[in-house]
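Coordinates as given in run-v3.txt (compact mmCIF, C-alpha atoms (C1' of nucleotides)):
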# COMPACT_ATOMS: atom_id res chain seq x y z
CA MET B 234 3.35 -5.01 -17.69
CA PRO B 235 3.97 -8.37 -19.41
CA ARG B 236 5.80 -10.95 -17.38
CA GLY B 237 8.59 -11.27 -19.94
CA THR B 238 9.24 -7.55 -19.78
CA THR B 239 9.67 -7.69 -16.02
CA GLU B 240 12.04 -10.63 -16.29
CA ARG B 241 14.26 -8.82 -18.74
CA MET B 242 14.51 -5.74 -16.53
CA ALA B 243 17.15 -7.34 -14.34
CA THR B 244 19.27 -8.03 -17.40
CA TYR B 245 18.87 -4.49 -18.64
CA LEU B 246 19.97 -3.12 -15.28
CA ARG B 247 23.04 -5.34 -15.33
CA VAL B 248 23.96 -4.18 -18.83
CA ILE B 249 23.53 -0.55 -17.84
CA ASP B 250 25.70 -0.97 -14.75
CA THR B 251 28.43 -2.73 -16.70
CA LEU B 252 28.58 0.00 -19.32
CA ALA B 253 28.40 2.75 -16.70
CA SER B 254 31.29 1.21 -14.79
CA HIS B 255 33.30 1.42 -18.01
CA GLY B 256 32.71 5.13 -18.13
CA VAL B 257 29.93 5.08 -20.72
CA ALA B 258 27.33 7.75 -20.00
CA THR B 259 25.00 7.37 -22.92
CA ALA B 260 24.07 4.58 -25.35
CA PRO B 261 21.49 3.84 -28.08
CA SER B 262 18.96 1.00 -27.90
CA THR B 263 20.92 -1.04 -30.43
CA THR B 264 23.94 -1.24 -28.15
CA LEU B 265 21.98 -1.94 -24.99
CA ALA B 266 19.77 -4.52 -26.68
CA GLN B 267 22.69 -6.37 -28.19
CA ARG B 268 24.41 -6.65 -24.82
CA ALA B 269 21.22 -7.92 -23.25
CA GLY B 270 20.69 -10.45 -26.01
CA VAL B 271 17.39 -9.10 -27.31
CA SER B 272 16.32 -7.18 -30.40
CA ALA B 273 16.42 -3.39 -30.35
CA ALA B 274 12.69 -3.31 -31.04
CA GLN B 275 11.96 -5.48 -28.07
CA PHE B 276 14.19 -3.39 -25.85
CA ARG B 277 12.42 -0.19 -26.77
CA LYS B 278 9.00 -1.82 -26.47
CA ASP B 279 9.89 -3.08 -23.01
CA LEU B 280 10.90 0.40 -21.96
CA SER B 281 7.70 1.75 -23.40
CA LEU B 282 5.61 -0.81 -21.50
CA ALA B 283 7.50 -0.01 -18.33
CA GLY B 284 6.76 3.65 -18.75
CA ALA B 285 10.40 4.53 -19.23
CA THR B 286 10.55 7.23 -21.87
CA SER B 287 13.70 9.17 -21.21
CA GLY B 288 15.42 8.35 -24.49
CA VAL B 289 16.76 11.17 -26.59
CA ARG B 290 15.93 10.87 -30.30
CA GLY B 291 19.03 10.89 -32.36
CA SER B 292 21.46 9.93 -29.61
CA GLY B 293 20.05 7.32 -27.24
CA TYR B 294 19.63 7.00 -23.49
CA VAL B 295 21.37 8.68 -20.59
CA LEU B 296 22.27 5.61 -18.55
CA SER B 297 21.97 7.13 -15.10
CA ARG B 298 18.52 8.41 -15.89
CA LEU B 299 17.40 5.19 -17.56
CA ARG B 300 18.57 3.22 -14.57
CA GLY B 301 16.35 5.22 -12.25
CA GLU B 302 13.34 4.72 -14.47
CA LEU B 303 13.81 0.95 -14.61
CA ARG B 304 14.24 0.74 -10.86
CA ARG B 305 11.02 2.62 -10.40
CA ALA B 306 9.24 0.29 -12.80
CA LEU B 307 10.39 -2.62 -10.66
CA GLY B 308 8.41 -1.32 -7.74
CA GLY B 309 10.55 1.47 -6.43
CA PHE B 310 13.46 1.39 -4.06
CA SER B 311 11.85 0.03 -0.92
CA ARG B 312 13.69 -2.87 0.62
CA VAL B 313 12.33 -6.42 0.73
CA ARG B 314 13.69 -8.86 3.31
CA PHE B 315 13.94 -12.59 2.66
CA VAL B 316 15.29 -15.72 4.31
CA ILE B 317 16.70 -18.97 2.95
CA VAL B 318 15.62 -22.21 4.56
CA GLY B 319 18.09 -25.02 3.94
CA ALA B 320 21.86 -24.48 4.16
CA GLY B 321 22.86 -27.44 2.03
CA ASN B 322 24.79 -26.98 -1.20
CA LEU B 323 21.89 -25.24 -2.90
CA GLY B 324 21.04 -22.96 -0.01
CA ARG B 325 24.67 -21.91 0.34
CA ALA B 326 24.99 -21.42 -3.40
CA LEU B 327 21.94 -19.18 -3.49
CA ALA B 328 23.06 -17.19 -0.44
CA SER B 329 26.42 -16.53 -2.05
CA SER B 330 25.16 -15.96 -5.57
CA SER B 331 25.33 -12.50 -7.05
CA ALA B 332 21.97 -13.39 -8.59
CA PHE B 333 20.44 -13.09 -5.13
CA ARG B 334 22.23 -9.87 -4.33
CA ARG B 335 19.85 -7.60 -6.12
CA ASP B 336 19.12 -4.00 -5.37
CA GLY B 337 16.48 -3.69 -2.71
CA LEU B 338 16.70 -7.31 -1.59
CA ASP B 339 18.08 -8.14 1.85
CA LEU B 340 18.95 -11.66 2.94
CA VAL B 341 18.42 -11.53 6.71
CA ALA B 342 18.92 -15.16 7.75
CA ILE B 343 19.68 -18.73 6.72
CA PHE B 344 18.20 -21.74 8.49
CA ASP B 345 18.90 -25.44 8.76
CA VAL B 346 18.02 -28.31 11.06
CA ASP B 347 21.36 -30.16 10.85
CA PRO B 348 23.31 -29.44 14.08
CA ARG B 349 26.57 -29.79 12.14
CA VAL B 350 25.53 -26.90 9.91
CA VAL B 351 23.80 -24.66 12.44
CA GLY B 352 26.25 -22.05 13.68
CA SER B 353 28.51 -22.16 10.65
CA GLU B 354 28.89 -19.06 8.52
CA VAL B 355 27.42 -18.66 5.06
CA ALA B 356 27.62 -15.44 3.04
CA GLY B 357 28.45 -13.52 6.17
CA LEU B 358 25.52 -14.89 8.16
CA ARG B 359 25.50 -17.44 10.92
CA VAL B 360 23.20 -20.37 10.09
CA ARG B 361 20.32 -20.56 12.55
CA HIS B 362 18.14 -23.47 13.55
CA ASP B 363 14.70 -23.84 11.96
CA SER B 364 13.16 -23.41 15.40
CA ASP B 365 14.03 -19.70 15.18
CA LEU B 366 12.09 -19.29 11.93
CA GLY B 367 8.91 -17.86 13.41
CA GLN B 368 10.71 -15.36 15.58
CA VAL B 369 13.00 -14.03 12.86
CA ILE B 370 10.23 -13.74 10.29
CA ALA B 371 7.98 -11.84 12.67
CA GLU B 372 10.63 -9.56 14.17
CA GLN B 373 12.35 -8.65 10.92
CA ASP B 374 9.18 -8.39 8.85
CA VAL B 375 10.37 -10.98 6.33
CA ALA B 376 8.32 -11.00 3.12
CA ILE B 377 9.82 -13.93 1.20
CA ALA B 378 11.05 -17.39 2.15
CA VAL B 379 13.30 -19.35 -0.21
CA ILE B 380 12.94 -23.08 0.32
CA ALA B 381 15.97 -25.22 -0.49
CA VAL B 382 15.55 -28.26 1.73
CA SER B 383 15.07 -31.97 1.06
CA GLU B 384 11.92 -33.13 -0.67
CA ASP B 385 10.34 -34.71 2.38
CA HIS B 386 10.94 -31.65 4.53
CA ALA B 387 9.63 -28.99 2.15
CA GLN B 388 5.95 -29.07 3.07
CA VAL B 389 6.69 -28.74 6.78
CA VAL B 390 8.89 -25.74 6.12
CA ALA B 391 6.22 -24.19 3.90
CA ASP B 392 3.63 -24.60 6.65
CA ASN B 393 5.97 -23.04 9.18
CA VAL B 394 6.91 -19.96 7.19
CA VAL B 395 3.30 -19.35 6.16
CA GLY B 396 2.24 -19.67 9.78
CA ALA B 397 4.89 -17.13 10.70
CA GLY B 398 3.48 -14.61 8.26
CA VAL B 399 5.45 -15.00 5.03
CA ARG B 400 3.36 -14.12 1.97
CA GLU B 401 5.71 -15.18 -0.82
CA ILE B 402 7.58 -18.46 -1.29
CA LEU B 403 10.31 -19.33 -3.76
CA ASN B 404 10.47 -23.10 -3.93
CA PHE B 405 13.50 -24.93 -5.34
CA VAL B 406 12.21 -28.35 -4.33
CA PRO B 407 10.62 -30.44 -7.12
CA VAL B 408 7.42 -30.98 -5.15
CA ALA B 409 4.03 -29.30 -5.42
CA LEU B 410 3.62 -27.47 -2.12
CA ARG B 411 0.18 -26.72 -0.76
CA VAL B 412 -0.26 -23.23 0.63
CA PRO B 413 -3.23 -20.90 1.19
CA THR B 414 -4.31 -19.04 -1.94
CA SER B 415 -3.25 -15.79 -0.32
CA VAL B 416 0.38 -16.93 -0.50
CA GLU B 417 2.23 -16.40 -3.77
CA ILE B 418 4.41 -19.38 -4.56
CA ARG B 419 6.85 -19.98 -7.41
CA THR B 420 8.57 -23.25 -8.03
CA VAL B 421 11.88 -23.33 -9.88
CA ASP B 422 12.87 -26.59 -11.50
CA LEU B 423 16.62 -26.47 -11.97
CA GLY B 424 16.47 -29.40 -14.36
CA VAL B 425 14.06 -27.97 -16.90
CA GLU B 426 16.65 -26.17 -19.00
CA LEU B 427 18.97 -29.17 -18.92
CA GLN B 428 16.14 -31.29 -20.20
CA MET B 429 15.42 -28.83 -23.01
CA LEU B 430 19.03 -29.05 -24.09
CA ALA B 431 18.99 -32.84 -23.90
CA ILE B 432 15.99 -32.94 -26.22
CA HIS B 433 17.78 -30.64 -28.61
CA ALA B 434 20.90 -32.79 -28.41
CA ARG B 435 18.99 -35.98 -29.20
CA ARG B 436 17.64 -34.39 -32.35
CA THR B 437 21.10 -33.59 -33.68
CA MET D 235 6.06 -28.74 -30.22
CA PRO D 236 5.74 -25.51 -28.19
CA ARG D 237 8.40 -24.82 -25.65
CA GLY D 238 5.90 -24.65 -22.82
CA THR D 239 4.57 -28.07 -23.68
CA THR D 240 8.03 -29.58 -23.48
CA GLU D 241 8.68 -27.92 -20.14
CA ARG D 242 5.51 -29.33 -18.66
CA MET D 243 6.35 -32.86 -19.77
CA ALA D 244 8.72 -33.42 -16.86
CA THR D 245 5.96 -32.47 -14.44
CA TYR D 246 3.50 -34.79 -16.13
CA LEU D 247 5.95 -37.66 -15.87
CA ARG D 248 6.44 -36.98 -12.19
CA VAL D 249 2.69 -36.95 -11.57
CA ILE D 250 2.23 -40.19 -13.45
CA ASP D 251 5.01 -41.89 -11.50
CA THR D 252 3.63 -40.71 -8.18
CA LEU D 253 0.16 -42.02 -8.95
CA ALA D 254 1.50 -45.27 -10.36
CA SER D 255 3.55 -45.85 -7.23
CA HIS D 256 0.32 -45.54 -5.28
CA GLY D 257 -1.19 -48.36 -7.28
CA VAL D 258 -3.24 -46.23 -9.64
CA ALA D 259 -3.36 -47.73 -13.12
CA THR D 260 -5.64 -45.37 -14.93
CA ALA D 261 -6.72 -41.74 -14.53
CA PRO D 262 -8.68 -39.06 -16.43
CA SER D 263 -7.17 -35.79 -17.63
CA THR D 264 -8.90 -33.83 -14.87
CA THR D 265 -7.03 -35.73 -12.16
CA LEU D 266 -3.67 -35.63 -13.89
CA ALA D 267 -4.01 -31.97 -14.78
CA GLN D 268 -4.97 -30.93 -11.28
CA ARG D 269 -1.94 -32.69 -9.80
CA ALA D 270 0.30 -31.03 -12.35
CA GLY D 271 -1.20 -27.63 -11.66
CA VAL D 272 -2.57 -26.97 -15.14
CA SER D 273 -6.04 -26.96 -16.69
CA ALA D 274 -7.48 -30.16 -18.09
CA ALA D 275 -7.76 -28.53 -21.49
CA GLN D 276 -4.10 -27.62 -21.48
CA PHE D 277 -3.10 -31.08 -20.39
CA ARG D 278 -5.00 -32.73 -23.23
CA LYS D 279 -3.74 -30.16 -25.72
CA ASP D 280 -0.17 -30.80 -24.65
CA LEU D 281 -0.65 -34.52 -25.16
CA SER D 282 -2.16 -33.84 -28.53
CA LEU D 283 0.77 -31.63 -29.57
CA ALA D 284 3.20 -34.26 -28.33
CA GLY D 285 1.48 -36.88 -30.44
CA ALA D 286 0.33 -38.83 -27.41
CA THR D 287 -3.15 -40.12 -28.17
CA SER D 288 -3.61 -43.22 -26.12
CA GLY D 289 -6.47 -41.91 -24.00
CA VAL D 290 -9.63 -43.94 -23.73
CA ARG D 291 -12.79 -41.94 -24.18
CA GLY D 292 -15.05 -42.33 -21.22
CA SER D 293 -12.43 -43.55 -18.76
CA GLY D 294 -9.09 -41.77 -19.16
CA TYR D 295 -5.46 -42.78 -19.66
CA VAL D 296 -3.62 -46.00 -18.91
CA LEU D 297 -0.67 -44.55 -17.01
CA SER D 298 1.95 -47.06 -18.10
CA ARG D 299 1.10 -46.49 -21.73
CA LEU D 300 0.92 -42.72 -21.36
CA ARG D 301 4.31 -42.68 -19.71
CA GLY D 302 5.90 -44.41 -22.68
CA GLU D 303 4.35 -41.97 -25.10
CA LEU D 304 5.60 -38.94 -23.18
CA ARG D 305 9.10 -40.37 -22.96
CA ARG D 306 9.10 -40.89 -26.70
CA ALA D 307 7.94 -37.32 -27.25
CA LEU D 308 10.91 -36.11 -25.22
CA GLY D 309 13.25 -37.55 -27.82
CA GLY D 310 13.16 -41.23 -27.06
CA PHE D 311 15.22 -43.17 -24.62
CA SER D 312 18.73 -42.56 -25.93
CA ARG D 313 21.19 -41.39 -23.34
CA VAL D 314 22.76 -37.94 -23.29
CA ARG D 315 26.00 -37.34 -21.43
CA PHE D 316 26.84 -34.05 -19.72
CA VAL D 317 29.52 -32.57 -17.48
CA ILE D 318 29.46 -29.86 -14.82
CA VAL D 319 32.27 -27.32 -14.78
CA GLY D 320 32.67 -25.70 -11.37
CA ALA D 321 32.46 -27.67 -8.13
CA GLY D 322 31.60 -24.77 -5.85
CA ASN D 323 28.37 -24.68 -3.92
CA LEU D 324 26.27 -24.38 -7.04
CA GLY D 325 28.08 -27.07 -9.01
CA ARG D 326 27.80 -29.49 -6.11
CA ALA D 327 24.16 -28.62 -5.57
CA LEU D 328 23.35 -29.30 -9.22
CA ALA D 329 25.33 -32.54 -9.26
CA SER D 330 23.42 -33.81 -6.23
CA SER D 331 20.03 -32.50 -7.25
CA SER D 332 17.29 -34.90 -8.23
CA ALA D 333 16.37 -32.28 -10.80
CA PHE D 334 19.52 -33.25 -12.71
CA ARG D 335 18.91 -36.94 -12.38
CA ARG D 336 16.49 -37.23 -15.21
CA ASP D 337 15.78 -40.26 -17.32
CA GLY D 338 18.29 -40.51 -20.10
CA LEU D 339 20.74 -37.99 -18.67
CA ASP D 340 24.16 -39.11 -17.47
CA LEU D 341 26.48 -36.88 -15.49
CA VAL D 342 29.93 -38.20 -16.42
CA ALA D 343 32.28 -35.74 -14.72
CA ILE D 344 32.69 -32.63 -12.57
CA PHE D 345 35.56 -30.20 -13.00
CA ASP D 346 37.19 -27.45 -11.00
CA VAL D 347 40.48 -25.56 -10.97
CA ASP D 348 40.86 -25.21 -7.21
CA PRO D 349 43.44 -27.77 -6.01
CA ARG D 350 41.63 -27.99 -2.68
CA VAL D 351 38.52 -29.21 -4.47
CA VAL D 352 40.05 -31.37 -7.18
CA GLY D 353 40.07 -34.98 -6.01
CA SER D 354 37.17 -34.61 -3.57
CA GLU D 355 34.02 -36.59 -4.15
CA VAL D 356 30.72 -35.06 -5.30
CA ALA D 357 27.62 -37.08 -6.09
CA GLY D 358 29.71 -40.22 -6.40
CA LEU D 359 32.22 -38.67 -8.79
CA ARG D 360 35.76 -37.54 -8.15
CA VAL D 361 36.25 -33.89 -9.08
CA ARG D 362 38.75 -33.53 -11.94
CA HIS D 363 40.90 -30.61 -12.95
CA ASP D 364 39.76 -28.38 -15.81
CA SER D 365 42.83 -29.43 -17.76
CA ASP D 366 41.14 -32.82 -18.33
CA LEU D 367 38.09 -31.19 -19.91
CA GLY D 368 39.05 -31.73 -23.53
CA GLN D 369 39.99 -35.34 -23.06
CA VAL D 370 36.84 -36.33 -21.14
CA ILE D 371 34.50 -34.52 -23.54
CA ALA D 372 36.07 -36.16 -26.57
CA GLU D 373 36.42 -39.66 -25.14
CA GLN D 374 32.99 -39.86 -23.55
CA ASP D 375 31.15 -38.08 -26.32
CA VAL D 376 29.78 -35.41 -24.00
CA ALA D 377 26.93 -33.40 -25.52
CA ILE D 378 26.24 -30.80 -22.85
CA ALA D 379 28.39 -28.71 -20.53
CA VAL D 380 26.88 -27.04 -17.48
CA ILE D 381 28.85 -23.97 -16.46
CA ALA D 382 28.76 -23.02 -12.77
CA VAL D 383 32.03 -21.14 -12.26
CA SER D 384 32.88 -17.61 -11.25
CA GLU D 385 31.90 -14.74 -13.51
CA ASP D 386 35.38 -13.95 -14.69
CA HIS D 387 36.15 -17.54 -15.53
CA ALA D 388 33.00 -18.40 -17.47
CA GLN D 389 34.06 -17.24 -20.93
CA VAL D 390 37.31 -19.21 -20.79
CA VAL D 391 35.42 -22.34 -19.82
CA ALA D 392 32.91 -21.78 -22.60
CA ASP D 393 35.71 -21.47 -25.14
CA ASN D 394 37.33 -24.64 -23.85
CA VAL D 395 34.25 -26.84 -23.92
CA VAL D 396 33.24 -25.57 -27.34
CA GLY D 397 36.74 -26.25 -28.61
CA ALA D 398 36.47 -29.76 -27.23
CA GLY D 399 33.31 -30.44 -29.20
CA VAL D 400 30.41 -29.64 -26.89
CA ARG D 401 27.34 -28.41 -28.81
CA GLU D 402 25.09 -27.37 -25.95
CA ILE D 403 25.83 -25.18 -22.95
CA LEU D 404 23.74 -24.57 -19.85
CA ASN D 405 25.05 -21.39 -18.26
CA PHE D 406 24.32 -20.51 -14.63
CA VAL D 407 26.65 -17.51 -14.64
CA PRO D 408 24.98 -14.09 -14.98
CA VAL D 409 27.15 -13.12 -17.94
CA ALA D 410 26.42 -13.13 -21.66
CA LEU D 411 28.79 -15.75 -23.13
CA ARG D 412 29.93 -15.56 -26.71
CA VAL D 413 29.84 -18.84 -28.58
CA PRO D 414 29.60 -19.87 -32.25
CA THR D 415 26.06 -19.86 -33.60
CA SER D 416 26.24 -23.62 -34.01
CA VAL D 417 26.33 -23.97 -30.23
CA GLU D 418 23.02 -23.91 -28.38
CA ILE D 419 23.33 -21.95 -25.17
CA ARG D 420 20.83 -21.30 -22.41
CA THR D 421 21.45 -18.99 -19.50
CA VAL D 422 19.61 -19.51 -16.24
CA ASP D 423 19.33 -16.55 -13.90
CA LEU D 424 18.65 -17.93 -10.44
CA GLY D 425 17.60 -14.51 -9.22
CA VAL D 426 14.81 -13.82 -11.70
CA GLU D 427 12.06 -15.55 -9.79
CA LEU D 428 13.16 -13.98 -6.54
CA GLN D 429 12.94 -10.61 -8.18
CA MET D 430 9.46 -11.34 -9.49
CA LEU D 431 8.35 -12.16 -5.96
CA ALA D 432 9.98 -9.02 -4.61
CA ILE D 433 8.05 -6.91 -7.08
CA HIS D 434 4.86 -8.63 -6.04
CA ALA D 435 5.73 -8.09 -2.37
CA ARG D 436 6.34 -4.38 -2.86
CA ARG D 437 2.90 -4.00 -4.38
CA THR D 438 1.19 -5.50 -1.36
C1' DG X 234 20.08 12.58 -40.12
C1' DC X 235 19.40 9.52 -36.57
C1' DA X 236 17.27 6.97 -32.97
C1' DT X 237 13.16 6.88 -30.07
C1' DG X 238 8.36 5.55 -29.02
C1' DT X 239 4.36 3.25 -30.46
C1' DG X 240 0.24 1.95 -33.24
C1' DA X 241 -0.53 -1.95 -36.26
C1' DA X 242 0.46 -6.40 -38.01
C1' DG X 243 2.11 -10.85 -37.07
C1' DT X 244 3.13 -14.89 -34.31
C1' DG X 245 2.62 -18.43 -30.98
C1' DG X 246 0.32 -20.42 -27.22
C1' DT X 247 -3.82 -21.12 -24.34
C1' DT X 248 -8.70 -21.69 -23.69
C1' DC X 249 -13.08 -22.95 -25.43
C1' DA X 250 -16.45 -25.92 -26.91
C1' DC X 251 -17.95 -29.72 -29.18
C1' DA X 252 -17.72 -33.72 -32.43
C1' DG X 253 -16.60 -38.43 -31.90
C1' DC X 254 -16.00 -42.65 -29.73
C1' DA X 255 -15.79 -46.20 -25.77
C1' DT S 239 -23.23 -41.00 -20.63
C1' DG S 240 -18.32 -39.62 -19.86
C1' DC S 241 -14.08 -38.19 -21.45
C1' DT S 242 -10.86 -37.64 -25.20
C1' DG S 243 -8.87 -35.12 -29.11
C1' DT S 244 -8.84 -31.00 -31.73
C1' DG S 245 -10.39 -27.10 -34.84
C1' DA S 246 -11.51 -22.46 -33.92
C1' DA S 247 -11.65 -18.37 -31.14
C1' DC S 248 -9.10 -15.88 -28.19
C1' DC S 249 -5.35 -13.67 -25.96
C1' DA S 250 -0.56 -12.02 -25.05
C1' DC S 251 3.65 -11.05 -26.56
C1' DT S 252 6.89 -9.89 -30.32
C1' DT S 253 8.19 -7.78 -34.52
C1' DC S 254 7.56 -4.35 -37.93
C1' DA S 255 7.64 0.06 -39.74
C1' DC S 256 7.18 4.76 -39.50
C1' DA S 257 5.74 9.26 -37.55
C1' DT S 258 7.96 12.12 -34.30
C1' DG S 259 11.34 15.05 -32.41
C1' DC S 260 16.11 16.13 -31.06
Using structure tokens, write down the structure from this file.
Amino acid sequence: MPRGTTERMATYLRVIDTLASHGVATAPSTTLAQRAGVSAAQFRKDLSLAGATSGVRGSGYVLSRLRGELRRALGGFSRVRFVIVGAGNLGRALASSSAFRRDGLDLVAIFDVDPRVVGSEVAGLRVRHDSDLGQVIAEQDVAIAVIAVSEDHAQVVADNVVGAGVREILNFVPVALRVPTSVEIRTVDLGVELQMLAIHARRT
Amino acid sequence: MPRGTTERMATYLRVIDTLASHGVATAPSTTLAQRAGVSAAQFRKDLSLAGATSGVRGSGYVLSRLRGELRRALGGFSRVRFVIVGAGNLGRALASSSAFRRDGLDLVAIFDVDPRVVGSEVAGLRVRHDSDLGQVIAEQDVAIAVIAVSEDHAQVVADNVVGAGVREILNFVPVALRVPTSVEIRTVDLGVELQMLAIHARRT
DNA sequence: GCATGTGAAGTGGTTCACAGCA
DNA sequence: TGCTGTGAACCACTTCACATGC
């Protein structure tokens, strides 16, 4: 399944849920695609690539059924646990964001090293000290660590979570982290899109 | 210039600056590419597409010269002003992030509607009330608005900034905003990468 | 008749491999 | 000889267009 297809799945699910909550039970690809901001052809091709073929020719898709198919394409319904390391502005924003409250994803803990932050409550969780990282990751079978700490602290955190058994890292720090090849790591640069817009703006 | 090439430029600049600060004056594509996490072929192709051709066959690139060429490819050195609307966790995180402190980008104001937040200081700026939006955008010739407000407030903000003359919007709210076609809008979904990792984790 | 599902065509970006030059 | 710059081959994704089936 192409990467782009997978990325758009989340949007499709959101569109389906929004329509369903408005009492819509069935919709054609044109409607769904428009709401998701893609072409109808792309929408149908994505579904095809995902193995979702529950559409009814002549009328469209039964949303409840389509939803189940997309969920299955995204790896089923098993739950994945993750932690956030760094309870600064970004860490708190991520913890509270609806973007991080996805089906099947469980935020089990937030960590920080600042004693003024440790113990405070964020998104319903008490912030714990980094020294608890290893224990929590092992006991709760945490699969993913989100790193949102300062630039000079990121590598240490990466080493710690990898040592504790985490196999996937989502890195929000603009630094190239070194991890074993067995660990999947993705780095998000929050400034990239802003820069793209700035370039566009300069050309206008 | 391909979109991917533009995106990688920021990374290249960072690599160049890091090496330069370590006293390195010249480096071949293999070194620069490895540090940026791309292949040497891609690195050279990117430079070629960007019109940067100051490499010296047999020895590599003079970093100071290469840096100037990349900056020029990113639209020159003219300054672009932007504002952030929403001083919640995310807005504050973005305002403070080094990712948003890019060459040529000036954050001129942060806005919020919450009276408890208005007047507080974020990243050296005093948070202003949304009612000042139009005035600030017009007076300071603001090109870009970053939207980091709640989901039910995002469309109103978009309408306001567009009405005030903004031509580019960076949207961090997981909602499809409707704007005139003349306005360039990019939506960033902070949860996409987490979801990609979750899918990968489920398959392991 | 209408909308899906999908081969086929088209598009855009990456990798290859080598000519050209210090 | 060593490394750049780039045309050409390759690959992946998107768009098109239509056969298929309700």
Would you write out, as CSV, a table of all residues in chain B that have an atom no more than 12 Å from an atom of chain X, listing for each the closest atom pair and the distance in Å to one decimal, considering only C-alpha atoms (C1' of nucleotides) and ordering rows by chain and rising residue number?
residue,atom,partner,partner_atom,distance
B:Ala260,CA,X:DA236,C1',10.5
B:Pro261,CA,X:DA236,C1',7.2
B:Ser262,CA,X:DA236,C1',8.0
B:Thr263,CA,X:DA236,C1',9.2
B:Thr264,CA,X:DA236,C1',11.6
B:Ala273,CA,X:DA236,C1',10.7
B:Ala274,CA,X:DG238,C1',10.1
B:Gln275,CA,X:DG238,C1',11.6
B:Phe276,CA,X:DG238,C1',11.1
B:Arg277,CA,X:DG238,C1',7.4
B:Lys278,CA,X:DG238,C1',7.8
B:Asp279,CA,X:DG238,C1',10.6
B:Leu280,CA,X:DG238,C1',9.1
B:Ser281,CA,X:DG238,C1',6.8
B:Leu282,CA,X:DT239,C1',9.9
B:Gly284,CA,X:DG238,C1',10.6
B:Ala285,CA,X:DG238,C1',10.1
B:Thr286,CA,X:DG238,C1',7.7
B:Ser287,CA,X:DT237,C1',9.2
B:Gly288,CA,X:DT237,C1',6.2
B:Val289,CA,X:DT237,C1',6.6
B:Arg290,CA,X:DT237,C1',4.9
B:Gly291,CA,X:DA236,C1',4.3
B:Ser292,CA,X:DA236,C1',6.1
B:Gly293,CA,X:DA236,C1',6.4
B:Tyr294,CA,X:DT237,C1',9.2
**Message:** Let me make sure I understand: among B:Asp339, B:Arg300, B:Gly237, B:Val394, which one has the smallest atom-to-atom distance to Thr251 in chain B if we use all atoms listed in the file?
**Reply:**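 The answer is B:Arg300, which sits nearest to Thr251 in chain B.
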**Request:** Give me, as a ChimeraX atom specification, the contact residues of chain S against chain D at a cut-off of 6 Å, counting only C-alpha atoms (C1' of nucleotides).
**Result:** /S:240-242
**Asked** If we count all atoms listed in the file, what is near Arg359 in chain B at a cut-off of 12 Å, once residues fewer than 3 positions away on the same chain are taken out, given as number ranges by chain?
**Response** B: 317, 320, 325, 328, 340-345, 350-356, 362
May I have a table of the residues of chain B lying at most 8 Å from chain D, giving each one's closest pair of atoms and their distance in Å to one decimal, counting all atoms listed in the file, ordered by chain and ascending residue number, as CSV?
residue,atom,partner,partner_atom,distance
B:Thr239,CA,D:Met430,CA,7.5
B:Glu240,CA,D:Val426,CA,6.2
B:Ala243,CA,D:Val426,CA,7.4
B:Arg268,CA,D:Ala410,CA,7.5
B:Ala269,CA,D:Ala410,CA,7.5
B:Gly270,CA,D:Ala410,CA,7.7
B:Leu307,CA,D:Ile433,CA,6.1
B:Gly308,CA,D:Ile433,CA,5.6
B:Ser311,CA,D:Arg436,CA,7.3
B:Val313,CA,D:Ala432,CA,6.4
B:Gly321,CA,D:Ala327,CA,7.8
B:Asn322,CA,D:Ala327,CA,4.7
B:Leu323,CA,D:Ala327,CA,4.9
B:Arg325,CA,D:Asn323,CA,6.3
B:Ala326,CA,D:Asn323,CA,4.7
B:Leu327,CA,D:Leu324,CA,7.6
B:Ala332,CA,D:Gly425,CA,4.6
B:Phe333,CA,D:Gly425,CA,5.2
B:Arg335,CA,D:Gln429,CA,7.8
B:Leu338,CA,D:Ala432,CA,7.6
B:Ala376,CA,D:Ala435,CA,6.7
B:Ile377,CA,D:Leu431,CA,7.5
B:Arg400,CA,D:Ala435,CA,7.8
B:Glu401,CA,D:Leu431,CA,6.5
B:Ile402,CA,D:Leu431,CA,7.9
B:Leu403,CA,D:Leu428,CA,6.7
B:Pro407,CA,D:Ala333,CA,7.1
B:Glu417,CA,D:Leu431,CA,7.8
B:Arg419,CA,D:Glu427,CA,7.2
B:Val421,CA,D:Glu427,CA,7.8
B:Asp422,CA,D:Ala333,CA,6.7
B:Leu423,CA,D:Ala333,CA,5.9
B:Gly424,CA,D:Ala333,CA,4.6
B:Val425,CA,D:Glu241,CA,6.3
B:Glu426,CA,D:Arg420,CA,7.3
B:Leu427,CA,D:Leu404,CA,6.7
B:Gln428,CA,D:Arg336,CA,7.8
B:Met429,CA,D:Glu241,CA,7.4
B:Leu430,CA,D:Glu402,CA,6.6
B:Ala431,CA,D:Val314,CA,6.4
B:Ile432,CA,D:Gly309,CA,5.6
B:Ala434,CA,D:Ala377,CA,6.7
B:Arg435,CA,D:Gly309,CA,6.1
B:Arg436,CA,D:Gly309,CA,7.1
**Message:** What's the separation between CA of Ala391 in chain B and CA of Arg411 in chain B, in Å to one decimal place?
**Reply:**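 Distance between the two atoms: 8.0 Å.
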**Prompt:** Skipping near chain neighbours, those fewer than 2 positions away, what residues fall within 9 Å of Asp364 in chain D using only C-alpha atoms (C1' of nucleotides), listed as a list in words?
**Reply:** Val319, Gly320, Ile344, Phe345, Asp346, Val347, Arg362, Asp366, Leu367, Gly368 and Val391 of chain D
**Message:** Just to confirm, what's the straight-line distance from CA of Arg304 in chain B to C1' of DG259 in chain S in Å (one decimal)?
**Reply:**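 Separating CA of Arg304 in chain B from C1' of DG259 in chain S is a distance of 26.0 Å.
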